Amino acid sequence: MLRPGEVDSVDKLQPGQGCHRPRGLDQGCRLARAEDGTLYKRSESCTHIGCHVHWNSLERCWDCPCHGSHFAVDGTALNGPAVSPLTSDSYEH
């Protein structure tokens with residue numbers, strides 16, 4: 001059963017959307033498709049202290065609920081306290 005913000009197929013992810021792709025019990029990765037169609041697979045852990053980021057569909061970026069860091073579709077840190085980008089994820093769909 002999928003929770004809100006999860007997808008069962010990467011093919012359903014449209015440009016400008018991001019989601020959580022479950023892989024097991026409570027682990028997964030974050031997927032986002034840029035406006036040009038590029039798919040980015042990133043770790044779900046914020047590089048500040050490891051909280052799980054969530055997709056902000058209004059601003060089209062990843063938000064960390066713990067301290068307010070924001071990350072671009074490609075994982076680049078936009079504002080802190082995180083300064084490092086989200087790490088790439090080796091998830092295969």
# chains A, B, ... in the order shown; residues from 1 in each chain; ligands from 1

call {"tool": "residues_around", "arguments": {"residues": "Pro85 (chain A)", "least_positions_apart": "5", "cutoff": "12 Å", "atoms": "only C-alpha atoms", "output": "list in words"}}
result
Arg42, Ser43, Glu44, Ser45, Cys46, Thr47, His48, Trp62, Ser69, His70, Phe71, Ala72, Val73, Asp74, Gly75, Thr76, Ala77, Leu78, Asn79 and Gly80 of chain A

call {"tool": "atom_distance", "arguments": {"atom1": "CA of Gly37 (chain A)", "atom2": "CA of Asp63 (chain A)"}}
result
20.9 Å

call {"tool": "closest_residue", "arguments": {"among": "A:Leu86, A:Ser9, A:Leu31, A:Pro81", "to": "Trp55 (chain A)", "atoms": "only C-alpha atoms"}}
result
A:Leu31

call {"tool": "atom_distance", "arguments": {"atom1": "CA of Val53 (chain A)", "atom2": "CA of Lys12 (chain A)"}}
result
20.4 Å

call {"tool": "atom_distance", "arguments": {"atom1": "CA of Leu39 (chain A)", "atom2": "CA of Asn56 (chain A)"}}
result
16.5 Å
